[in-house]
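Student: Have a look at this one before I ask anything.
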Amino acid sequence: MDLGLFFQLIVNGLMSGGIYALIASGFTLILGVMKVFNFSQGQFYMLGAFVTFGITSSLGLPYPIAILAALIAMFILGVIFHFTIIHWTLPFGFFHTMLVTIAFSAIVGQVSLLTFARDQGMVSEVLPGTLNIHGITLNNGKLLVIAGAIIVMVALYYFIKTKIGTAMLAAAENKEVAQLQGINSERIFWVTMGIGSGLCGIAGALIVPVLSATSSMGINAFTRAMLVVLVGGTGSMSGALLAAFVVGIIESFAFQYVGQLSLVAIFAFAGVLLFFRPGGLLGKPLPIPGQ
Amino acid sequence: MSKAKTIALGLLILLLIALPWLVNPYVLQIVISTITYSILGLAFAFTLRVGLPRFDIAAWWAIGAYTTTTLMLKTHMSFWLTLPIAGLVAVILGWLFFVIVIPRGMMVFLMFGMVLTLATQQFFGAMKFFGAWGGTGVVPQPTIGPFTFANKPELYFLGLILLLINLLVYYALFNSKIGRAWNAIGSSLKLANSVGVDIVKYRMANVLIGNFFLAIAGSYLVAYTLVAVPTTFSFMFSVYVMMYVVVGGLAYSLTGPLIGSTVITFLPEYLRVAKEYETIITGVATILIIIFMPMGILGLINLRIKPWFVRRKEYGRLSGGANK
């Protein structure tokens, strides 16, 4: 295979990996802190993409504002979702809450399909042109996604070290004992939900210049994100980060050679990996429900 | 069983037997679909008993359907022979897959199940051998000697028999030593483990038995649709099966899925809304049901409505009954 193609595939893989890392991190955060399996994680990603598209194309505002708007909009939507629905089903347990997120995901997906069916949108290129290194052509937009994803992940890392972040970890470990220590677990919950959704919103905002926003992008990305969580070790944030790039690259190469079966390929990879390394790749996991 | 219950059961059996003559073929088709969904829901509830929510139902359903169609088309095998073979295929493939996944716990099992559904659908859609996205060719109808299962009533009774066998097997297992081990695992994993119950072995057995019946459901699907198309076995469907069980009542492993699938399959027919809005209505209804009726329909009947009718001395038995 020629070098140009090789690097193209690597860049594609890192780009997908960045997106999966953001979605998987949000998902793991919500799972670890709230013990909620947020099935609608992918839909926030999709909505973030559409919000970004809407703001840049309809309102004509510059791209950075659109990213910020997507982040804030998804954060608020996540918080609303928490207070209207999740908050009431949490007492009923894990399965009921998961089913509610599934229902919500189906509703959002269908509404999006009906509203946006004709308006699949692609944002015009932010950094047009390509980067040329040693004669290899790389798309600027994709590099931007990778850079954006890494910046956000680093920011998330430092956020976890702050007071709120530590409180989230404490609530993840034991909600009641954290409350005994003076942490307002209820507030931590909606903040976590908001951050989880916001991460997906940023992911959607980043990907729109490269891939057009479609109604089905949510489910597709969410499935891959779940594989990333499995490979990285359920509950591990750093594992999810590493696994995301690994899975992204494998998927990119697999798509080149087996096309549609790329999902089967990464699925097989995850299965083999889990066989030899049941804890996933690495990292200290957040306590997650179930044995 | 009390006299009232015996009479009610008798009436139900009469109703089920007489059904093809009481309703029109369109409704009978819905009933046939309900039977299929019931078997799928039963498998979900069955595995939930050991603490594992399984989202790979559509995958094994597909494998059963595709095994039957492939055998019937390529080797002209009789439909009835493909039934146990499909079941066996699902069990063997299941063993290969679950031997990696089950020891890793509930969360890994849950997520792998979801991805397995999607991967299986992609697989059958991509392979030309199985007809790719257009589906397999049309298979001949099942026959016993000169008798062909062509019409709805015959297919309905076939389904009823399969469902009955399924229920009997599950009921027998629940009341056996294996069933007690499953109860232990489902009630408290760590405690069961500490007493010496082999968690992985019993969970594996549970899941593989479920696989067998899921494949049978797939074969039954082929019996009345006569094709296997990848779009039937979708990712969301696996996830909807959980809805049937929760609506019926999570505590009721045998009757819950039956009630749940009946309600959810028939309700959209009577609401008669545009097809596009169906998903939204179902979704909203599900959220409302979970918030206001988390114990499901059977739970609601047992815990809220029944106390109005039964005498006080029976209150002790109203805690929900694990084997109902």
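We name chains A, B, ... following the order of the structure tokens; residues begin at 1 in each chain, and ligands are numbered from 1 as shown.
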Any idea which chain A residues end up within 8 Å of chain B if we count only C-alpha atoms, as a short mmCIF file (atom, residue, chain, number, x, y, z; two decimals) with N, CA and C atoms, in the first residue's frame please?
Tutor:
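Output file result22.cif is given in full below:
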```
data_model
loop_
_atom_site.label_atom_id
_atom_site.label_comp_id
_atom_site.auth_asym_id
_atom_site.auth_seq_id
_atom_site.Cartn_x
_atom_site.Cartn_y
_atom_site.Cartn_z
N ILE A 85 -36.89 13.46 33.17
CA ILE A 85 -37.09 12.03 33.04
C ILE A 85 -36.22 11.20 33.97
N TRP A 88 -36.76 10.91 37.79
CA TRP A 88 -37.91 10.19 38.32
C TRP A 88 -37.74 8.69 38.22
N THR A 89 -36.90 8.24 37.29
CA THR A 89 -36.77 6.80 37.15
C THR A 89 -35.60 6.21 37.92
N PHE A 92 -36.22 3.64 40.54
CA PHE A 92 -36.72 2.33 40.12
C PHE A 92 -35.60 1.38 39.73
N HIS A 96 -34.87 0.08 34.55
CA HIS A 96 -35.93 1.02 34.18
C HIS A 96 -35.34 2.30 33.60
N LEU A 99 -34.09 1.69 30.12
CA LEU A 99 -35.17 1.60 29.16
C LEU A 99 -35.70 2.99 28.81
N VAL A 100 -35.73 3.87 29.79
CA VAL A 100 -36.18 5.23 29.52
C VAL A 100 -35.24 5.94 28.57
N ILE A 102 -33.48 4.47 26.35
CA ILE A 102 -33.71 3.84 25.05
C ILE A 102 -34.92 4.47 24.38
N ALA A 103 -35.99 4.62 25.15
CA ALA A 103 -37.20 5.23 24.58
C ALA A 103 -36.91 6.65 24.13
N PHE A 104 -36.17 7.40 24.94
CA PHE A 104 -35.83 8.77 24.59
C PHE A 104 -35.02 8.81 23.31
N ALA A 106 -35.06 6.64 20.90
CA ALA A 106 -35.93 6.34 19.76
C ALA A 106 -36.76 7.56 19.38
N ILE A 107 -37.28 8.27 20.38
CA ILE A 107 -38.09 9.45 20.10
C ILE A 107 -37.26 10.51 19.39
N GLN A 110 -36.46 9.55 15.80
CA GLN A 110 -37.60 9.65 14.90
C GLN A 110 -37.94 11.11 14.62
N VAL A 111 -37.93 11.94 15.67
CA VAL A 111 -38.23 13.37 15.49
C VAL A 111 -37.21 13.99 14.55
N LEU A 114 -37.88 13.05 10.99
CA LEU A 114 -39.00 13.78 10.41
C LEU A 114 -38.66 15.25 10.16
N THR A 223 -22.75 2.93 18.79
CA THR A 223 -22.34 1.52 18.78
C THR A 223 -20.84 1.39 18.85
N MET A 226 -19.57 2.19 22.23
CA MET A 226 -19.73 1.09 23.18
C MET A 226 -18.61 0.09 23.04
N LEU A 227 -18.22 -0.20 21.80
CA LEU A 227 -17.09 -1.10 21.60
C LEU A 227 -15.84 -0.50 22.21
N LEU A 230 -15.88 -1.08 25.83
CA LEU A 230 -15.56 -2.47 26.14
C LEU A 230 -14.07 -2.72 26.03
N THR A 234 -14.52 -1.31 30.83
CA THR A 234 -15.73 -0.60 31.24
C THR A 234 -15.48 0.18 32.50
N GLN A 260 -18.34 -2.81 4.27
CA GLN A 260 -19.43 -2.89 5.25
C GLN A 260 -19.10 -3.70 6.48
N LEU A 261 -18.19 -4.65 6.33
CA LEU A 261 -17.93 -5.55 7.46
C LEU A 261 -16.98 -4.93 8.47
N LEU A 263 -17.55 -3.10 10.90
CA LEU A 263 -18.08 -3.24 12.26
C LEU A 263 -17.81 -4.64 12.78
N VAL A 264 -18.02 -5.64 11.91
CA VAL A 264 -17.73 -7.01 12.33
C VAL A 264 -16.26 -7.15 12.69
N PHE A 267 -15.60 -5.58 16.02
CA PHE A 267 -16.29 -6.40 16.98
C PHE A 267 -15.45 -7.64 17.29
N GLY A 271 -13.66 -8.78 20.77
CA GLY A 271 -13.86 -10.09 21.37
C GLY A 271 -12.54 -10.77 21.69
N LEU A 274 -10.79 -9.02 24.58
CA LEU A 274 -11.39 -9.29 25.87
C LEU A 274 -11.06 -10.70 26.34
N PHE A 275 -10.83 -11.59 25.36
CA PHE A 275 -10.48 -12.96 25.73
C PHE A 275 -9.12 -13.00 26.41
N PRO A 278 -9.16 -9.47 29.92
CA PRO A 278 -10.54 -9.22 30.32
C PRO A 278 -10.78 -7.85 30.92
N PRO A 289 -22.06 -0.30 37.74
CA PRO A 289 -23.00 -1.25 38.32
C PRO A 289 -22.88 -2.63 37.71
N GLY A 290 -23.27 -3.64 38.44
CA GLY A 290 -23.40 -4.99 37.90
C GLY A 290 -22.12 -5.79 38.00
N GLN A 291 -22.31 -7.10 38.10
CA GLN A 291 -21.12 -7.95 38.10
C GLN A 291 -21.15 -8.84 36.88
#
```
Student: Compile the contact shell of Val50 (chain B) as a list in words: residues with an atom at most 9 Å away, counting only C-alpha atoms, same-chain residues fewer than 6 positions apart removed.
Tutor: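 Near Val50 (chain B), the qualifying residues are Ala181, Trp182, Asn183, Ala184, Ile185, Gly186, Ser187, Leu189, Ile199, Tyr202, Arg203 and Asn206 of chain B.
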Student: Using backbone DSSP assignments, extract all strand (DSSP E or B) residues from region 21-199 of chain A; output them as a list in words.
Tutor: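 Of region 21-199 of chain A, only Gly121, Thr130, Leu131, Asn132, Ile133, Ile136, Thr137, Leu138 and Asn139 of chain A fall in strand (DSSP E or B).
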Student: Sorted by chain and rising residue number, which residues of region 222-320 of chain B lie within 7 Å of region 60-67 of chain B, and what are their closest atom pairs and distances in Å to one decimal, counting only C-alpha atoms, as JSON lines?
Tutor:
```
{"residue": "B:Val222", "atom": "CA", "partner": "B:Ala65", "partner_atom": "CA", "distance": 5.9}
{"residue": "B:Ala228", "atom": "CA", "partner": "B:Tyr66", "partner_atom": "CA", "distance": 6.1}
{"residue": "B:Phe233", "atom": "CA", "partner": "B:Ala62", "partner_atom": "CA", "distance": 6.0}
```
Student: Restricting the output to C-alpha atoms, write the selected residues as a short mmCIF file (atom, residue, chain, number, x, y, z; two decimals), in the first residue's frame.
Tutor:
```cif
data_model
loop_
_atom_site.label_atom_id
_atom_site.label_comp_id
_atom_site.auth_asym_id
_atom_site.auth_seq_id
_atom_site.Cartn_x
_atom_site.Cartn_y
_atom_site.Cartn_z
CA VAL B 222 -39.50 -18.21 8.23
CA ALA B 228 -35.20 -13.99 5.84
CA PHE B 233 -33.33 -8.23 12.74
#
```
Student: Set out as CSV a contact list for region 57-100 of chain A and region 192-195 of chain A with a cut-off of 9 Å, giving each residue of region 57-100 of chain A that qualifies its closest atom pair and distance in Å to one decimal, counting only C-alpha atoms, ordered by chain and rising residue number.
Tutor:
```
residue,atom,partner,partner_atom,distance
A:Leu71,CA,A:Ile195,CA,8.9
A:Ile72,CA,A:Gly194,CA,8.9
A:Met74,CA,A:Gly194,CA,7.2
A:Phe75,CA,A:Gly194,CA,4.2
A:Ile76,CA,A:Gly194,CA,6.4
A:Leu77,CA,A:Gly194,CA,7.4
A:Gly78,CA,A:Gly194,CA,4.7
A:Val79,CA,A:Gly194,CA,5.1
A:Ile80,CA,A:Gly194,CA,8.7
A:Phe81,CA,A:Met193,CA,8.4
A:His82,CA,A:Met193,CA,6.8
```
Student: Using C-alpha atoms, can you write the selected residues to a file as a PDB file, in the first residue's frame?
Tutor:
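Below is the file out.pdb, written as the result:
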```
ATOM      1  CA  LEU A  71     -21.741  22.654  23.785  1.00  0.00           C
ATOM      2  CA  ILE A  72     -24.074  24.896  25.766  1.00  0.00           C
ATOM      3  CA  MET A  74     -26.363  20.024  24.588  1.00  0.00           C
ATOM      4  CA  PHE A  75     -25.404  20.719  28.189  1.00  0.00           C
ATOM      5  CA  ILE A  76     -28.766  22.356  28.803  1.00  0.00           C
ATOM      6  CA  LEU A  77     -30.619  19.605  26.955  1.00  0.00           C
ATOM      7  CA  GLY A  78     -28.839  16.987  29.017  1.00  0.00           C
ATOM      8  CA  VAL A  79     -29.794  18.766  32.234  1.00  0.00           C
ATOM      9  CA  ILE A  80     -33.410  19.093  31.119  1.00  0.00           C
ATOM     10  CA  PHE A  81     -33.424  15.411  30.190  1.00  0.00           C
ATOM     11  CA  HIS A  82     -32.165  14.648  33.671  1.00  0.00           C
TER      12      HIS A  82
END
```
Student: Would you mind listing what lies within 12 Å of Leu16 (chain B) as number ranges by chain, with only C-alpha atoms counted and same-chain residues fewer than 2 positions away left out?
Tutor: B: 9-14, 18-23, 28, 31-32, 35, 153, 156-157, 159-161, 164
